[in-house]
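A.B. asks: Following this message is one structure expressed as structure tokens.
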Amino acid sequence: MTAPTPRFAALGPGPTSNPAITARFPSLEALLAEPAFDLLELTASPEQNADWVHQLRRHPAYGLTLIYCQGDHPLTAALADGPLPAHPASALQQWRERLAVFNRGQPPEGPQAQVLAYLWLRAPGSLKALRSPRSPALYHYPLVDALGDDQLNGHALVQGLAQRNLLDSTTLVDRIRLCRSCGSGHLNYVDVCVECSALDIVRQPSLHCFTCGHVGAQADYLKDGVLVCPNCLTRLRHIGTDYDRPLENYSCQACSAFFVDADIQARCLDCGQQHAPDELLVRNIHDYRLSEAGLLAARQGLDQGFDPYFGGLSLVGVNTFRTLLDWQLELIARHGEPSFALLGVRFKNLGAALARLGPQRGHALLDALIERIQVAIRDTDRCTRTTEEHLWLLLMYTDSVGLQRVTERLNQISELFVGQDLQDIVLTTSGCVAPAQLVEKENAELLMARLAGEL
């Protein structure tokens with residue numbers, strides 16, 4: 001059965017370079033009155049395009065659709081697919097192939113699945129954070145807001161996916177501080193008295209009497225045009241001998257305290273609570289993309305509740321894997337056990353081969369690789385991927401003989417790399433048995449780097 005002819009539409013008054021356009025609409029209402037199109041190009045002004053793409057992403061029929069925009073705007077950069085490519089039909093074909101293999105053919109349900117599906121269809125995709133000064137959170141993720149509902153906490157959803165290693169940070173956009181009471185970023189930082197926390201403080205010069213040690217405002221020392229200590233009534237003639245100017249240049253109008261530097265208070269403009277700066281909640285704002293684990297989850301299925309362990313492969317995030325490995329190294333340093341083996345596996349040129357094969361054939365090859373690896377390892381072993389080509393296996397209670405056996409099983413995977421499209425894939429391995437082959441004071445990162453250099 002042949003695929004239906006793609007339906008392309010343009011929205012807006014501007015010209016389009018897409019010869020495959022089958023319909024043009026002057027308004028969003030007119031477009032939405034028709035059956036959903038397969039690909040859209042927005043040709044209005046950047047501001048109008050930004051408004052339209054936001055409404056389109058919120059519409060069920062266009063949440064994941066390829067939407068191209070003319071002009072630059074922060075919102076279109078976060079929600080659209082950039083300018084129209086030279087071959088839009090090819091882009092649509094690739095989009096359809098990726099959609100067919102997403103979640104093993106199951107449609108995405110719920111905001112988390114929708115976000116993962118959107119990124120998967122543009123793998124690794126881009127999840128951008130934008131400033132939102134009017135919002136208490138100061139930043140928001142337009143894509144998450146558009147694919148979710150009005151009650152959705154976009155930051156919580158993104159953090160949840162990142163903590164499950166389904167998203168990788170690409171850029172640290174900003175670091176903000178939030179009220180601990182209400183979570184608002186609308187804060188006013190004010191100087192207050194160090195003694196009574198009063199707001200009414202002034203900066204004024206002060207004097208220090210050497211005779212009695214009294215410190216006070218300079219105006220209090222002036223009497224009939226000369227300097228006289230108001231406490232001991234000593235006449236102050238020579239600075240450095242009778243008196244000096246202390247560092248305390250702030251005076252509190254409420255309690256008359258003198259101090260060098262004022263305390264800082266962060267006052268929430270939304271709830272009115274006051275906090276010391278070090279009591280505020282710190283939030284790092286990142287841009288994200290799909291991680292290796294996210295790509296694997298999107299392809300193998302989301303029915304595992306976004307658990308970072310995928311089937312029998314027991315794939316974990318890189319940070320989690322290094323933490324487990326560091327823990328084993330610390331146990332060996334203290335107790336001399338347990339024994340384990342770390343095995344690095346590299347599928348050289350795998351990325352280039354997958355690009356040649358396309359989404360469907362490429363994912364079929366990855367599924368076959370995973371099945372072979374599952375046979376070679378045990379349920380108690382743990383794995384991670386640092387790149388598309390590098391796989392790491394933590395094999396507990398494995399000696400050199402066991403490591404050799406696993407390596408031989410993995411080397412048999414090379415049988416899959418036959419044919420013109422796969423012949424340049426080369427499988428290499430590098431292993432280490434602990435504690436016998438460990439280097440003194442070597443942690444997880446150094447151990448993995450040493451083995452990676454041999455792959």
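In the structure tokens, chains take letters A, B, ... by order of appearance, with residues numbered from 1 within each chain and ligands from 1 in the order shown.
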Excluding same-chain residues fewer than 6 positions from region 267-271 of chain A, what lies within 10 Å of it counting only C-alpha atoms, as a list in words?
C.D. replies: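 So the residues in contact are Pro136, Leu178, Cys179, Arg180, Ser181, Cys182, Gly183, Ser184, Gly185, His186, Leu187, Asn188, Tyr189, Val190 and Pro277 of chain A.
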A.B. asks: DSSP on the backbone, then: every residue of region 110-312 of chain A marked strand (DSSP E), written as a PyMOL selection string.
C.D. replies: chain A and resi 130-132+138-140+167-178+187-192+201-203+206-209+215-217+222-223+226-227+243-244+250-252+258-259+263-268+274-275+281-290
A.B. asks: Could you pull the residues within 12 Å of Gly362 (chain A), counting only C-alpha atoms, minus those fewer than 6 positions along the same chain, as a list in words?
C.D. replies: Glu97, Arg98, Val101, Arg299, Leu350, Gly351, Ala352, Ala353, Leu354, Ala355, Arg356, Ala368, Leu369, Asp421 and Leu422 of chain A
A.B. asks: Please report, as JSON lines, each residue of region 91-181 of chain A lying at most 12 Å from region 320-343 of chain A, together with the nearest pair of atoms and the separation in Å rounded to one decimal; use only C-alpha atoms, and order rows by chain and ascending residue number.
C.D. replies:
{"residue": "A:Gln163", "atom": "CA", "partner": "A:Thr320", "partner_atom": "CA", "distance": 10.4}
{"residue": "A:Arg164", "atom": "CA", "partner": "A:Thr320", "partner_atom": "CA", "distance": 10.2}
{"residue": "A:Asn165", "atom": "CA", "partner": "A:Thr320", "partner_atom": "CA", "distance": 9.2}
A.B. asks: Could you check which of A:Ala61, A:Leu161, A:Val228, A:Ala10 is closest to Leu147 (chain A), using only C-alpha atoms?
C.D. replies: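 Using only C-alpha atoms, Leu147 (chain A) sits closest to A:Ala61.
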A.B. asks: In Å to one decimal, how far is CA of Tyr250 (chain A) from CA of Cys232 (chain A)?
C.D. replies: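 Atom-to-atom, CA of Cys232 (chain A) and CA of Tyr250 (chain A) are spaced 22.6 Å apart.
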A.B. asks: I need the residues of region 13-45 of chain A that end up classed as alpha helix (DSSP H) by DSSP on the backbone, written out as a ChimeraX atom specification.
C.D. replies: /A:28-32
A.B. asks: Write the residues of the preceding selection, restricted to C-alpha atoms, as a PDB file, in the first residue's frame.
C.D. replies:
ATOM      1  CA  LEU A  28      -5.131  30.446  11.742  1.00  0.00           C
ATOM      2  CA  GLU A  29      -8.893  29.944  12.025  1.00  0.00           C
ATOM      3  CA  ALA A  30      -9.124  29.107   8.326  1.00  0.00           C
ATOM      4  CA  LEU A  31      -6.282  26.575   8.636  1.00  0.00           C
ATOM      5  CA  LEU A  32      -7.785  24.815  11.655  1.00  0.00           C
TER       6      LEU A  32
END
A.B. asks: I'd like the neighbourhood of region 295-298 of chain A as a list in words, where a residue qualifies if any of its atoms comes within 8 Å (using only C-alpha atoms), though same-chain residues fewer than 4 positions away should be ignored.
C.D. replies: Phe102, Asn103, Leu116, Ala117, Trp120, Ala123, Pro124, Leu166, Leu290, Ser291, Leu302, Phe306 and Phe310 of chain A
A.B. asks: Can you tell me how far CA of His286 (chain A) sits from CA of Leu172 (chain A), in Å to one decimal?
C.D. replies: 4.6 Å
